[in-house]
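Below is one structure, written out as C-alpha cells; the observations come after it.
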Amino acid sequence: MSNKKNLLIYAHYYIPDTASTGQILRELAEGMLDKFNITIICVVPSYLGTIEDKYKTQKYYEEEINGVKVLRIRVPEFSKTNKKSRVKNIVSYFFGAMGATFKVGKMDYVFSISQPPILGGLLGVWGKWIKHAKYIYNIQDFNPEQVLAVGYTKSKLITDVMMWFDKFSCKRSDLVITVGRDLVETVENRFKGRKVPKTVMINNWIDENEIYPLDENNERVVAFKKKYGLDGKFIIMYSGNIGLYYDLENLMKVVERIKPGTKTADGREVVFVFVGAGSVLDKLVLYVKQHHMDNVTFIPYQDKADLIYSLNAGDVHWCVNAKGIKGVSCPSKYYGLASAARPVIGVLQSGSEIRCIIEDTKGGLCCEPGEYDKVEENLRWFIDNAGSEELKAMGARGRENLEKNLTRNVSVRKYAEEILKL
C-alpha cells in the first residue's frame, strides 16, 4: 500500500497544449510523482482555439501521461480575437472542472493556479470544500491588477468584484505560492499587512537540460535561419505570447527607428524577429506592412522540441512588460533566454523579479517601460557590440546563475516541501 498523498491540480491547459503555465504544471506534476499521486483536471487540447474531432464526442476524457492521471473536459472552440467566444470557452472550463471534481476520488491537497483569472483561484476553493483538502493557490499573475495595468476594462465595478473574489481565494487558501519578490509584496499590499495569507516565493524555471546553448553552426539552428531567410544576419528576437501585456505596439515604433539595411560592427544586417502568436499579432503585422519595415520577420509558434533551435538562433532577446506589470506578473520567458545563454534587452520596471535577476547577473541591458529613447539606445549598443566577447559573457553569466539557482529540480523540490509542510 503506497502511503503517498493524493494531490489534485486544476490546470486550464496541460500538455500537449503549448501554454507556458501548462508546461510548468507538467514539469511540476511529473517532478513530484515520487511524493504524491497526482490528478490533473484540464481542458481537451485547445490552446490555439481548435479542437481535434476525437475530443468532440464525450463530456470527459481520461488518460494517463507519464504517470500523471489527466481528466479532460470538453469545451467549445474559440477565436483568440473574439472576446465572446473566449469567455464562453473559459466559463465552460470552469463549470466543467467543478463537475469533474466529483469524479476524482479522495484528495489530501488541492492545487490551483491563477489561470484563468479569478476563476482559477475559485476552483481551488471549490476543490478544498468538496474534498476537505488543504488548498495551495499558485499565483502566476495577479488579477484584477493585470487588467487594471493594461486598461482592459474601464469598469470599476468589474475590477472591484474581481478583487473581492481573488482576495477571497487567497484567504481560503492554506498557502499562496507566487513567483517573484515583487509578487509577494502584492499579496501583502492586498491585505494591507493584516491577516496576510501564508505566502512563499518559488521561482519559475526552465528545464536546463532541454534548452541549452548550441554552437552557431549547429545544423538545426542553421536550418531554422535558412528557412526564414535569416542566415548571416544579426537577429534581435522576441519569442513568446504576442499579447496585451508587453507594450509591443509602441516597441514596434522604436524598432522602426532602426532602418532596414542597418549593419552591425561585424558587418551583419540587423533583423528583428517575432516568434509566436497572440491577440496583438495582426496589428503588428499590419504596422510593419504599412511602414515597409523589411527588417522585421514574423514566425509562428515553435514546437517545444524545436524551441532550443529558435532561441539559439537569436543573438539578443527581448524580455519586456508593459508599465504597471511589476508585482503583477513575471515574464517566465526569461528562463529560456538565460538557459540558451543569450543576452537580454529588458524593458522591465525596477525592482521586478526578472529585472533584479538580469541586473544581479549583468546578463543584459534594462530600462523602464515607456523609456523609448533608452530602449533605442540599448538596441544600438547591442548592434554596435555585435559579436563581441562582452555579449557572449552576458549570456554566459545568465546561464551560470540559472544552473546554480533556477533549475527545475530546485524549484520543484521547494514546491513539494512547502506542500508537505502543511
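Each chain in the C-alpha cells gets a letter, A, B, ..., in the order shown, and its residues are numbered from 1; ligands are numbered from 1 in order too.
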Selection: 6 Å around segment 359-363 of chain A, only C-alpha atoms, excl. self and same-chain fewer than 2 positions, as a PyMOL selection string: chain A and resi 343+356-357+394-395+397-398
DSSP-assigned strand (DSSP E or B) among segment 7-200 of chain A, expressed as a PyMOL selection string: chain A and resi 7-10+36-43+60-65+68-73+109-113+134-139+141+175-178+199-200
Of the candidates A:Gly243, A:Gly276, A:Gly336, A:Gly364, which one gets nearest to Asn209 of chain A if we count only C-alpha atoms? A:Gly336
Shell around Pro213 of chain A at 12 Å using only C-alpha atoms, local window under 2 positions removed, as number ranges by chain: A: 208-211, 215-218, 221, 307-315, 336-343, 392, 395-396, 398-400
For Val344 of chain A, the closest of A:Asn401, A:Ile299, A:Gly127, A:Met237 counting only C-alpha atoms is A:Met237
What does the distance from atom CA of Lys134 of chain A to atom CA of Ser173 of chain A come to in Å, to one decimal? 7.6 Å
